[in-house]
file data.cif (mmCIF, N, CA and C atoms)
data_data
loop_
_atom_site.label_atom_id
_atom_site.label_comp_id
_atom_site.auth_asym_id
_atom_site.auth_seq_id
_atom_site.Cartn_x
_atom_site.Cartn_y
_atom_site.Cartn_z
N MET A 1 0.85 -1.19 0.00
CA MET A 1 0.00 0.00 0.00
C MET A 1 0.89 1.24 0.00
N ASN A 2 0.46 2.23 -0.65
CA ASN A 2 1.18 3.49 -0.77
C ASN A 2 1.40 4.11 0.62
N ILE A 3 2.62 4.51 0.93
CA ILE A 3 2.96 5.07 2.24
C ILE A 3 2.20 6.38 2.49
N VAL A 4 2.06 7.21 1.48
CA VAL A 4 1.33 8.47 1.63
C VAL A 4 -0.13 8.19 1.99
N LEU A 5 -0.71 7.21 1.32
CA LEU A 5 -2.09 6.84 1.62
C LEU A 5 -2.21 6.32 3.05
N MET A 6 -1.27 5.49 3.47
CA MET A 6 -1.29 4.97 4.83
C MET A 6 -1.19 6.09 5.86
N GLU A 7 -0.34 7.07 5.58
CA GLU A 7 -0.20 8.20 6.49
C GLU A 7 -1.49 9.01 6.57
N LYS A 8 -2.14 9.19 5.42
CA LYS A 8 -3.41 9.93 5.40
C LYS A 8 -4.50 9.17 6.15
N LEU A 9 -4.52 7.85 5.98
CA LEU A 9 -5.50 7.05 6.70
C LEU A 9 -5.27 7.09 8.21
N TYR A 10 -4.01 7.07 8.60
CA TYR A 10 -3.69 7.17 10.02
C TYR A 10 -4.10 8.53 10.58
N THR A 11 -3.90 9.58 9.79
CA THR A 11 -4.33 10.92 10.19
C THR A 11 -5.85 10.96 10.36
N LEU A 12 -6.55 10.37 9.42
CA LEU A 12 -8.02 10.31 9.52
C LEU A 12 -8.44 9.57 10.78
N LYS A 13 -7.81 8.45 11.05
CA LYS A 13 -8.12 7.67 12.26
C LYS A 13 -7.87 8.50 13.52
N THR A 14 -6.76 9.22 13.56
CA THR A 14 -6.43 10.06 14.71
C THR A 14 -7.48 11.16 14.90
N ILE A 15 -7.88 11.77 13.79
CA ILE A 15 -8.91 12.82 13.86
C ILE A 15 -10.23 12.24 14.36
N LEU A 16 -10.59 11.08 13.84
CA LEU A 16 -11.85 10.45 14.26
C LEU A 16 -11.80 10.05 15.73
N ASP A 17 -10.67 9.52 16.18
CA ASP A 17 -10.53 9.13 17.59
C ASP A 17 -10.73 10.31 18.53
N ALA A 18 -10.37 11.51 18.07
CA ALA A 18 -10.49 12.71 18.89
C ALA A 18 -11.82 13.45 18.69
N HIS A 19 -12.64 12.98 17.76
CA HIS A 19 -13.89 13.67 17.46
C HIS A 19 -14.84 13.59 18.66
N PRO A 20 -15.46 14.71 19.03
CA PRO A 20 -16.35 14.73 20.21
C PRO A 20 -17.51 13.73 20.11
N LYS A 21 -18.05 13.52 18.92
CA LYS A 21 -19.17 12.59 18.78
C LYS A 21 -18.72 11.15 19.06
N ILE A 22 -17.53 10.82 18.63
CA ILE A 22 -17.02 9.46 18.86
C ILE A 22 -16.65 9.28 20.32
N LYS A 23 -16.06 10.31 20.91
CA LYS A 23 -15.73 10.24 22.34
C LYS A 23 -17.00 10.06 23.17
N LEU A 24 -18.05 10.79 22.80
CA LEU A 24 -19.32 10.68 23.52
C LEU A 24 -19.91 9.28 23.38
N LEU A 25 -19.81 8.71 22.19
CA LEU A 25 -20.30 7.34 21.99
C LEU A 25 -19.56 6.36 22.88
N ILE A 26 -18.26 6.48 22.95
CA ILE A 26 -17.45 5.59 23.78
C ILE A 26 -17.83 5.74 25.25
N LEU A 27 -17.98 6.98 25.72
CA LEU A 27 -18.39 7.21 27.11
C LEU A 27 -19.79 6.64 27.38
N SER A 28 -20.69 6.82 26.43
CA SER A 28 -22.05 6.29 26.58
C SER A 28 -22.04 4.77 26.66
N GLU A 29 -21.23 4.15 25.83
CA GLU A 29 -21.12 2.69 25.84
C GLU A 29 -20.54 2.20 27.16
N GLN A 30 -19.54 2.89 27.68
CA GLN A 30 -18.96 2.51 28.96
C GLN A 30 -19.98 2.64 30.08
N SER A 31 -20.79 3.68 30.04
CA SER A 31 -21.85 3.87 31.04
C SER A 31 -22.86 2.73 30.99
N LEU A 32 -23.22 2.32 29.78
CA LEU A 32 -24.15 1.20 29.63
C LEU A 32 -23.57 -0.07 30.23
N GLU A 33 -22.30 -0.33 29.93
CA GLU A 33 -21.66 -1.55 30.40
C GLU A 33 -21.54 -1.60 31.91
N LYS A 34 -21.42 -0.44 32.55
CA LYS A 34 -21.27 -0.37 34.00
C LYS A 34 -22.60 -0.43 34.75
N SER A 35 -23.69 -0.15 34.07
CA SER A 35 -24.99 -0.03 34.72
C SER A 35 -25.61 -1.40 35.02
N LEU A 36 -25.79 -1.68 36.29
CA LEU A 36 -26.45 -2.93 36.68
C LEU A 36 -27.91 -2.92 36.28
N GLU A 37 -28.52 -1.76 36.35
CA GLU A 37 -29.94 -1.64 35.97
C GLU A 37 -30.13 -1.98 34.49
N VAL A 38 -29.26 -1.45 33.64
CA VAL A 38 -29.35 -1.73 32.21
C VAL A 38 -29.08 -3.21 31.95
N LYS A 39 -28.13 -3.79 32.66
CA LYS A 39 -27.84 -5.23 32.49
C LYS A 39 -29.05 -6.07 32.87
N LYS A 40 -29.72 -5.71 33.96
CA LYS A 40 -30.91 -6.44 34.38
C LYS A 40 -32.01 -6.33 33.33
N LEU A 41 -32.22 -5.12 32.84
CA LEU A 41 -33.25 -4.92 31.80
C LEU A 41 -32.90 -5.68 30.53
N SER A 42 -31.64 -5.67 30.16
CA SER A 42 -31.19 -6.38 28.97
C SER A 42 -31.36 -7.89 29.13
N ASN A 43 -31.01 -8.39 30.29
CA ASN A 43 -31.20 -9.83 30.55
C ASN A 43 -32.67 -10.21 30.54
N LYS A 44 -33.51 -9.33 31.04
CA LYS A 44 -34.95 -9.59 31.02
C LYS A 44 -35.45 -9.67 29.58
N VAL A 45 -34.98 -8.78 28.72
CA VAL A 45 -35.37 -8.80 27.31
C VAL A 45 -34.94 -10.13 26.69
N LYS A 46 -33.70 -10.54 26.95
CA LYS A 46 -33.20 -11.80 26.40
C LYS A 46 -34.04 -12.99 26.87
N THR A 47 -34.39 -13.00 28.15
CA THR A 47 -35.22 -14.07 28.70
C THR A 47 -36.59 -14.09 28.05
N LYS A 48 -37.21 -12.93 27.94
CA LYS A 48 -38.55 -12.83 27.35
C LYS A 48 -38.51 -13.21 25.86
N GLU A 49 -37.44 -12.84 25.19
CA GLU A 49 -37.29 -13.19 23.78
C GLU A 49 -37.16 -14.71 23.61
N LYS A 50 -36.38 -15.31 24.49
CA LYS A 50 -36.22 -16.77 24.44
C LYS A 50 -37.55 -17.47 24.71
N GLN A 51 -38.28 -16.99 25.70
CA GLN A 51 -39.58 -17.58 26.01
C GLN A 51 -40.54 -17.45 24.83
N TYR A 52 -40.56 -16.28 24.23
CA TYR A 52 -41.43 -16.05 23.08
C TYR A 52 -41.06 -16.98 21.93
N ASN A 53 -39.78 -17.07 21.61
CA ASN A 53 -39.33 -17.93 20.52
C ASN A 53 -39.67 -19.40 20.76
N GLU A 54 -39.54 -19.84 22.01
CA GLU A 54 -39.90 -21.22 22.34
C GLU A 54 -41.40 -21.46 22.14
N LEU A 55 -42.19 -20.49 22.53
CA LEU A 55 -43.64 -20.64 22.40
C LEU A 55 -44.09 -20.64 20.94
N ILE A 56 -43.48 -19.81 20.11
CA ILE A 56 -43.91 -19.81 18.71
C ILE A 56 -43.40 -21.04 17.96
N GLU A 57 -42.40 -21.72 18.52
CA GLU A 57 -42.00 -23.00 17.93
C GLU A 57 -43.01 -24.09 18.30
N LEU A 58 -43.55 -24.00 19.51
CA LEU A 58 -44.53 -25.00 19.97
C LEU A 58 -45.92 -24.74 19.42
N TYR A 59 -46.29 -23.48 19.40
CA TYR A 59 -47.64 -23.10 18.99
C TYR A 59 -47.57 -22.14 17.82
N ASP A 60 -48.71 -21.80 17.33
CA ASP A 60 -48.83 -20.76 16.30
C ASP A 60 -48.54 -19.41 16.97
N ALA A 61 -48.03 -18.47 16.20
CA ALA A 61 -47.73 -17.14 16.73
C ALA A 61 -48.98 -16.43 17.23
N HIS A 62 -50.15 -16.90 16.79
CA HIS A 62 -51.41 -16.28 17.21
C HIS A 62 -52.01 -16.95 18.44
N HIS A 63 -51.36 -17.97 18.94
CA HIS A 63 -51.84 -18.66 20.15
C HIS A 63 -51.79 -17.69 21.32
N LYS A 64 -52.74 -17.86 22.26
CA LYS A 64 -52.84 -16.90 23.37
C LYS A 64 -51.56 -16.86 24.22
N LEU A 65 -50.89 -17.99 24.40
CA LEU A 65 -49.64 -17.99 25.17
C LEU A 65 -48.53 -17.24 24.43
N ALA A 66 -48.50 -17.41 23.12
CA ALA A 66 -47.50 -16.70 22.31
C ALA A 66 -47.79 -15.20 22.32
N LYS A 67 -49.06 -14.85 22.22
CA LYS A 67 -49.44 -13.43 22.25
C LYS A 67 -49.05 -12.79 23.59
N LYS A 68 -49.29 -13.54 24.68
CA LYS A 68 -48.93 -13.04 26.01
C LYS A 68 -47.42 -12.86 26.12
N ALA A 69 -46.67 -13.82 25.64
CA ALA A 69 -45.20 -13.74 25.68
C ALA A 69 -44.70 -12.59 24.80
N GLN A 70 -45.37 -12.38 23.68
CA GLN A 70 -44.98 -11.28 22.80
C GLN A 70 -45.19 -9.94 23.49
N LYS A 71 -46.30 -9.81 24.19
CA LYS A 71 -46.59 -8.58 24.92
C LYS A 71 -45.56 -8.35 26.03
N GLU A 72 -45.19 -9.43 26.73
CA GLU A 72 -44.19 -9.32 27.79
C GLU A 72 -42.83 -8.92 27.21
N LEU A 73 -42.50 -9.47 26.06
CA LEU A 73 -41.25 -9.10 25.38
C LEU A 73 -41.29 -7.63 24.97
N PHE A 74 -42.39 -7.20 24.41
CA PHE A 74 -42.54 -5.80 23.99
C PHE A 74 -42.36 -4.87 25.19
N ASN A 75 -43.00 -5.20 26.31
CA ASN A 75 -42.91 -4.35 27.51
C ASN A 75 -41.49 -4.31 28.07
N ALA A 76 -40.82 -5.45 28.06
CA ALA A 76 -39.44 -5.51 28.55
C ALA A 76 -38.52 -4.68 27.66
N LYS A 77 -38.71 -4.79 26.36
CA LYS A 77 -37.90 -4.03 25.40
C LYS A 77 -38.17 -2.54 25.53
N MET A 78 -39.43 -2.19 25.75
CA MET A 78 -39.79 -0.78 25.91
C MET A 78 -39.12 -0.19 27.17
N LEU A 79 -39.10 -0.94 28.26
CA LEU A 79 -38.44 -0.46 29.48
C LEU A 79 -36.95 -0.25 29.25
N LEU A 80 -36.33 -1.17 28.53
CA LEU A 80 -34.91 -1.02 28.22
C LEU A 80 -34.68 0.21 27.33
N ASP A 81 -35.48 0.34 26.29
CA ASP A 81 -35.31 1.45 25.35
C ASP A 81 -35.57 2.82 25.99
N GLN A 82 -36.36 2.85 27.05
CA GLN A 82 -36.69 4.11 27.70
C GLN A 82 -35.71 4.49 28.82
N HIS A 83 -34.76 3.61 29.09
CA HIS A 83 -33.78 3.93 30.13
C HIS A 83 -32.91 5.09 29.65
N PRO A 84 -32.66 6.08 30.51
CA PRO A 84 -31.89 7.27 30.09
C PRO A 84 -30.51 6.95 29.50
N LEU A 85 -29.82 5.95 30.03
CA LEU A 85 -28.50 5.60 29.49
C LEU A 85 -28.62 5.01 28.08
N VAL A 86 -29.66 4.24 27.85
CA VAL A 86 -29.89 3.66 26.53
C VAL A 86 -30.26 4.76 25.53
N ILE A 87 -31.09 5.67 25.96
CA ILE A 87 -31.47 6.79 25.10
C ILE A 87 -30.24 7.61 24.72
N SER A 88 -29.39 7.89 25.69
CA SER A 88 -28.15 8.66 25.42
C SER A 88 -27.24 7.90 24.46
N TYR A 89 -27.12 6.60 24.68
CA TYR A 89 -26.26 5.79 23.81
C TYR A 89 -26.80 5.78 22.38
N MET A 90 -28.09 5.56 22.23
CA MET A 90 -28.67 5.49 20.89
C MET A 90 -28.54 6.83 20.15
N LYS A 91 -28.66 7.93 20.86
CA LYS A 91 -28.49 9.25 20.25
C LYS A 91 -27.03 9.41 19.79
N ALA A 92 -26.09 9.05 20.66
CA ALA A 92 -24.67 9.15 20.31
C ALA A 92 -24.34 8.23 19.14
N TYR A 93 -24.91 7.03 19.15
CA TYR A 93 -24.68 6.06 18.07
C TYR A 93 -25.19 6.61 16.74
N GLN A 94 -26.38 7.19 16.76
CA GLN A 94 -26.97 7.76 15.54
C GLN A 94 -26.10 8.90 15.01
N ASP A 95 -25.61 9.74 15.90
CA ASP A 95 -24.76 10.86 15.48
C ASP A 95 -23.47 10.35 14.82
N VAL A 96 -22.87 9.32 15.39
CA VAL A 96 -21.63 8.76 14.82
C VAL A 96 -21.94 8.07 13.49
N ARG A 97 -23.04 7.37 13.42
CA ARG A 97 -23.42 6.71 12.16
C ARG A 97 -23.57 7.74 11.05
N LEU A 98 -24.21 8.85 11.34
CA LEU A 98 -24.37 9.92 10.34
C LEU A 98 -23.03 10.53 9.96
N LEU A 99 -22.15 10.67 10.94
CA LEU A 99 -20.80 11.17 10.65
C LEU A 99 -20.08 10.23 9.70
N TYR A 100 -20.14 8.93 9.98
CA TYR A 100 -19.50 7.94 9.10
C TYR A 100 -20.11 7.93 7.70
N GLU A 101 -21.42 8.10 7.62
CA GLU A 101 -22.08 8.17 6.31
C GLU A 101 -21.56 9.35 5.51
N LYS A 102 -21.41 10.49 6.18
CA LYS A 102 -20.91 11.69 5.50
C LYS A 102 -19.47 11.47 5.02
N ILE A 103 -18.65 10.86 5.86
CA ILE A 103 -17.27 10.57 5.47
C ILE A 103 -17.26 9.61 4.28
N ASN A 104 -18.08 8.58 4.36
CA ASN A 104 -18.16 7.59 3.29
C ASN A 104 -18.58 8.26 1.97
N GLU A 105 -19.58 9.10 2.05
CA GLU A 105 -20.05 9.83 0.86
C GLU A 105 -18.94 10.68 0.27
N THR A 106 -18.24 11.40 1.14
CA THR A 106 -17.18 12.30 0.70
C THR A 106 -16.05 11.54 0.02
N ILE A 107 -15.64 10.45 0.63
CA ILE A 107 -14.51 9.69 0.10
C ILE A 107 -14.88 8.97 -1.19
N PHE A 108 -16.02 8.31 -1.19
CA PHE A 108 -16.37 7.44 -2.32
C PHE A 108 -17.21 8.10 -3.38
N ASN A 109 -17.63 9.34 -3.17
CA ASN A 109 -18.40 10.06 -4.17
C ASN A 109 -17.61 10.21 -5.46
N ILE A 110 -16.31 10.40 -5.33
CA ILE A 110 -15.43 10.53 -6.50
C ILE A 110 -15.55 9.28 -7.37
N PHE A 111 -15.50 8.11 -6.75
CA PHE A 111 -15.56 6.85 -7.48
C PHE A 111 -16.93 6.60 -8.08
N GLN A 112 -17.98 6.99 -7.36
CA GLN A 112 -19.33 6.79 -7.87
C GLN A 112 -19.54 7.61 -9.14
N ASN A 113 -19.11 8.85 -9.12
CA ASN A 113 -19.26 9.70 -10.29
C ASN A 113 -18.42 9.18 -11.45
N GLU A 114 -17.21 8.71 -11.14
CA GLU A 114 -16.32 8.21 -12.18
C GLU A 114 -16.86 6.93 -12.79
N SER A 115 -17.36 6.02 -11.96
CA SER A 115 -17.88 4.76 -12.49
C SER A 115 -19.14 4.98 -13.31
N CYS A 116 -19.92 5.99 -12.94
CA CYS A 116 -21.13 6.29 -13.71
C CYS A 116 -20.75 6.79 -15.11
N THR A 117 -19.73 7.62 -15.20
CA THR A 117 -19.34 8.13 -16.51
C THR A 117 -18.74 7.03 -17.37
N LEU A 118 -18.16 6.00 -16.70
CA LEU A 118 -17.60 4.90 -17.46
C LEU A 118 -18.66 3.91 -17.93
N SER A 119 -19.71 3.72 -17.11
CA SER A 119 -20.69 2.70 -17.44
C SER A 119 -22.03 3.24 -17.91
N CYS A 120 -22.25 4.54 -17.81
CA CYS A 120 -23.56 5.11 -18.18
C CYS A 120 -23.66 5.44 -19.64
#
call {"tool": "encode", "arguments": {"input": "data.cif", "output": "structure tokens"}}
result
Amino acid sequence: MNIVLMEKLYTLKTILDAHPKIKLLILSEQSLEKSLEVKKLSNKVKTKEKQYNELIELYDAHHKLAKKAQKELFNAKMLLDQHPLVISYMKAYQDVRLLYEKINETIFNIFQNESCTLSC
């Protein structure tokens, strides 16, 4: 690989590592991992999901037991999604995803336009 290109990629990585949105995402993820409350809610979602999946294997998805398990799964997931740490993490994740999309567009837009002129 070209040394100049490698240096530029390393510079990009360094800039991204220092970007406030990425730092916030990392801090949000660390907060999630440390939270016992979030872990409990997450484990409850996993348990309810497993129960629901087992029931729909045994019965039709429209069976009353499956419907009840589905509702319990929905409620457990809603409690997890409404936790302030999860909300903060998802916001930070969305911001970083949009940042990466913009970078991707900027870098690869040149190739998209070039390939279109070659194949259009």
call {"tool": "resolve_selection", "arguments": {"input": "data.cif", "expression": "the PyMOL selection byres (((chain A and resi 88 and name CA) around 12) and name CA)", "output": "list in words"}}
result
Lys21, Leu24, Leu25, Ile26, Leu27, Ser28, Glu29, Gln30, Ser31, Leu32, Asp81, Gln82, His83, Pro84, Leu85, Val86, Ile87, Tyr89, Met90, Lys91, Ala92, Tyr93, Gln94 and Asp95 of chain A
call {"tool": "closest_residue", "arguments": {"input": "data.cif", "among": "A:Gln70, A:Thr11, A:Asn109, A:Asn104", "to": "Glu54 in chain A", "atoms": "only C-alpha atoms"}}
result
A:Gln70
call {"tool": "atom_distance", "arguments": {"input": "data.cif", "atom1": "CA of Leu80 in chain A", "atom2": "CA of Arg97 in chain A"}}
result
21.2 Å
call {"tool": "atom_distance", "arguments": {"input": "data.cif", "atom1": "atom N of Leu99 in chain A", "atom2": "atom N of Glu7 in chain A"}}
result
22.7 Å
call {"tool": "residues_around", "arguments": {"input": "data.cif", "residues": "Lys48 in chain A", "least_positions_apart": "5", "cutoff": "10 Å", "atoms": "only C-alpha atoms", "output": "PDB file with N, CA and C atoms, in the frame of the given file"}}
result
ATOM      1  N   SER A  42     -31.640  -5.670  30.160  1.00  0.00           N
ATOM      2  CA  SER A  42     -31.190  -6.380  28.970  1.00  0.00           C
ATOM      3  C   SER A  42     -31.360  -7.890  29.130  1.00  0.00           C
ATOM      4  N   ASN A  43     -31.010  -8.390  30.290  1.00  0.00           N
ATOM      5  CA  ASN A  43     -31.200  -9.830  30.550  1.00  0.00           C
ATOM      6  C   ASN A  43     -32.670 -10.210  30.540  1.00  0.00           C
ATOM      7  N   ASN A  53     -39.780 -17.070  21.610  1.00  0.00           N
ATOM      8  CA  ASN A  53     -39.330 -17.930  20.520  1.00  0.00           C
ATOM      9  C   ASN A  53     -39.670 -19.400  20.760  1.00  0.00           C
ATOM     10  N   GLU A  54     -39.540 -19.840  22.010  1.00  0.00           N
ATOM     11  CA  GLU A  54     -39.900 -21.220  22.340  1.00  0.00           C
ATOM     12  C   GLU A  54     -41.400 -21.460  22.140  1.00  0.00           C
ATOM     13  N   ALA A  69     -46.670 -13.820  25.640  1.00  0.00           N
ATOM     14  CA  ALA A  69     -45.200 -13.740  25.680  1.00  0.00           C
ATOM     15  C   ALA A  69     -44.700 -12.590  24.800  1.00  0.00           C
ATOM     16  N   GLN A  70     -45.370 -12.380  23.680  1.00  0.00           N
ATOM     17  CA  GLN A  70     -44.980 -11.280  22.800  1.00  0.00           C
ATOM     18  C   GLN A  70     -45.190  -9.940  23.490  1.00  0.00           C
ATOM     19  N   LYS A  71     -46.300  -9.810  24.190  1.00  0.00           N
ATOM     20  CA  LYS A  71     -46.590  -8.580  24.920  1.00  0.00           C
ATOM     21  C   LYS A  71     -45.560  -8.350  26.030  1.00  0.00           C
ATOM     22  N   GLU A  72     -45.190  -9.430  26.730  1.00  0.00           N
ATOM     23  CA  GLU A  72     -44.190  -9.320  27.790  1.00  0.00           C
ATOM     24  C   GLU A  72     -42.830  -8.920  27.210  1.00  0.00           C
ATOM     25  N   LEU A  73     -42.500  -9.470  26.060  1.00  0.00           N
ATOM     26  CA  LEU A  73     -41.250  -9.100  25.380  1.00  0.00           C
ATOM     27  C   LEU A  73     -41.290  -7.630  24.970  1.00  0.00           C
ATOM     28  N   PHE A  74     -42.390  -7.200  24.410  1.00  0.00           N
ATOM     29  CA  PHE A  74     -42.540  -5.800  23.990  1.00  0.00           C
ATOM     30  C   PHE A  74     -42.360  -4.870  25.190  1.00  0.00           C
ATOM     31  N   ASN A  75     -43.000  -5.200  26.310  1.00  0.00           N
ATOM     32  CA  ASN A  75     -42.910  -4.350  27.510  1.00  0.00           C
ATOM     33  C   ASN A  75     -41.490  -4.310  28.070  1.00  0.00           C
ATOM     34  N   ALA A  76     -40.820  -5.450  28.060  1.00  0.00           N
ATOM     35  CA  ALA A  76     -39.440  -5.510  28.550  1.00  0.00           C
ATOM     36  C   ALA A  76     -38.520  -4.680  27.660  1.00  0.00           C
ATOM     37  N   LYS A  77     -38.710  -4.790  26.360  1.00  0.00           N
ATOM     38  CA  LYS A  77     -37.900  -4.030  25.400  1.00  0.00           C
ATOM     39  C   LYS A  77     -38.170  -2.540  25.530  1.00  0.00           C
TER      40      LYS A  77
END
call {"tool": "atom_distance", "arguments": {"input": "data.cif", "atom1": "CA of His63 in chain A", "atom2": "CA of Leu41 in chain A"}}
result
25.9 Å
call {"tool": "closest_residue", "arguments": {"input": "data.cif", "among": "A:His62, A:Lys40, A:Lys23, A:Lys8", "to": "Leu79 in chain A", "atoms": "only C-alpha atoms"}}
result
A:Lys40
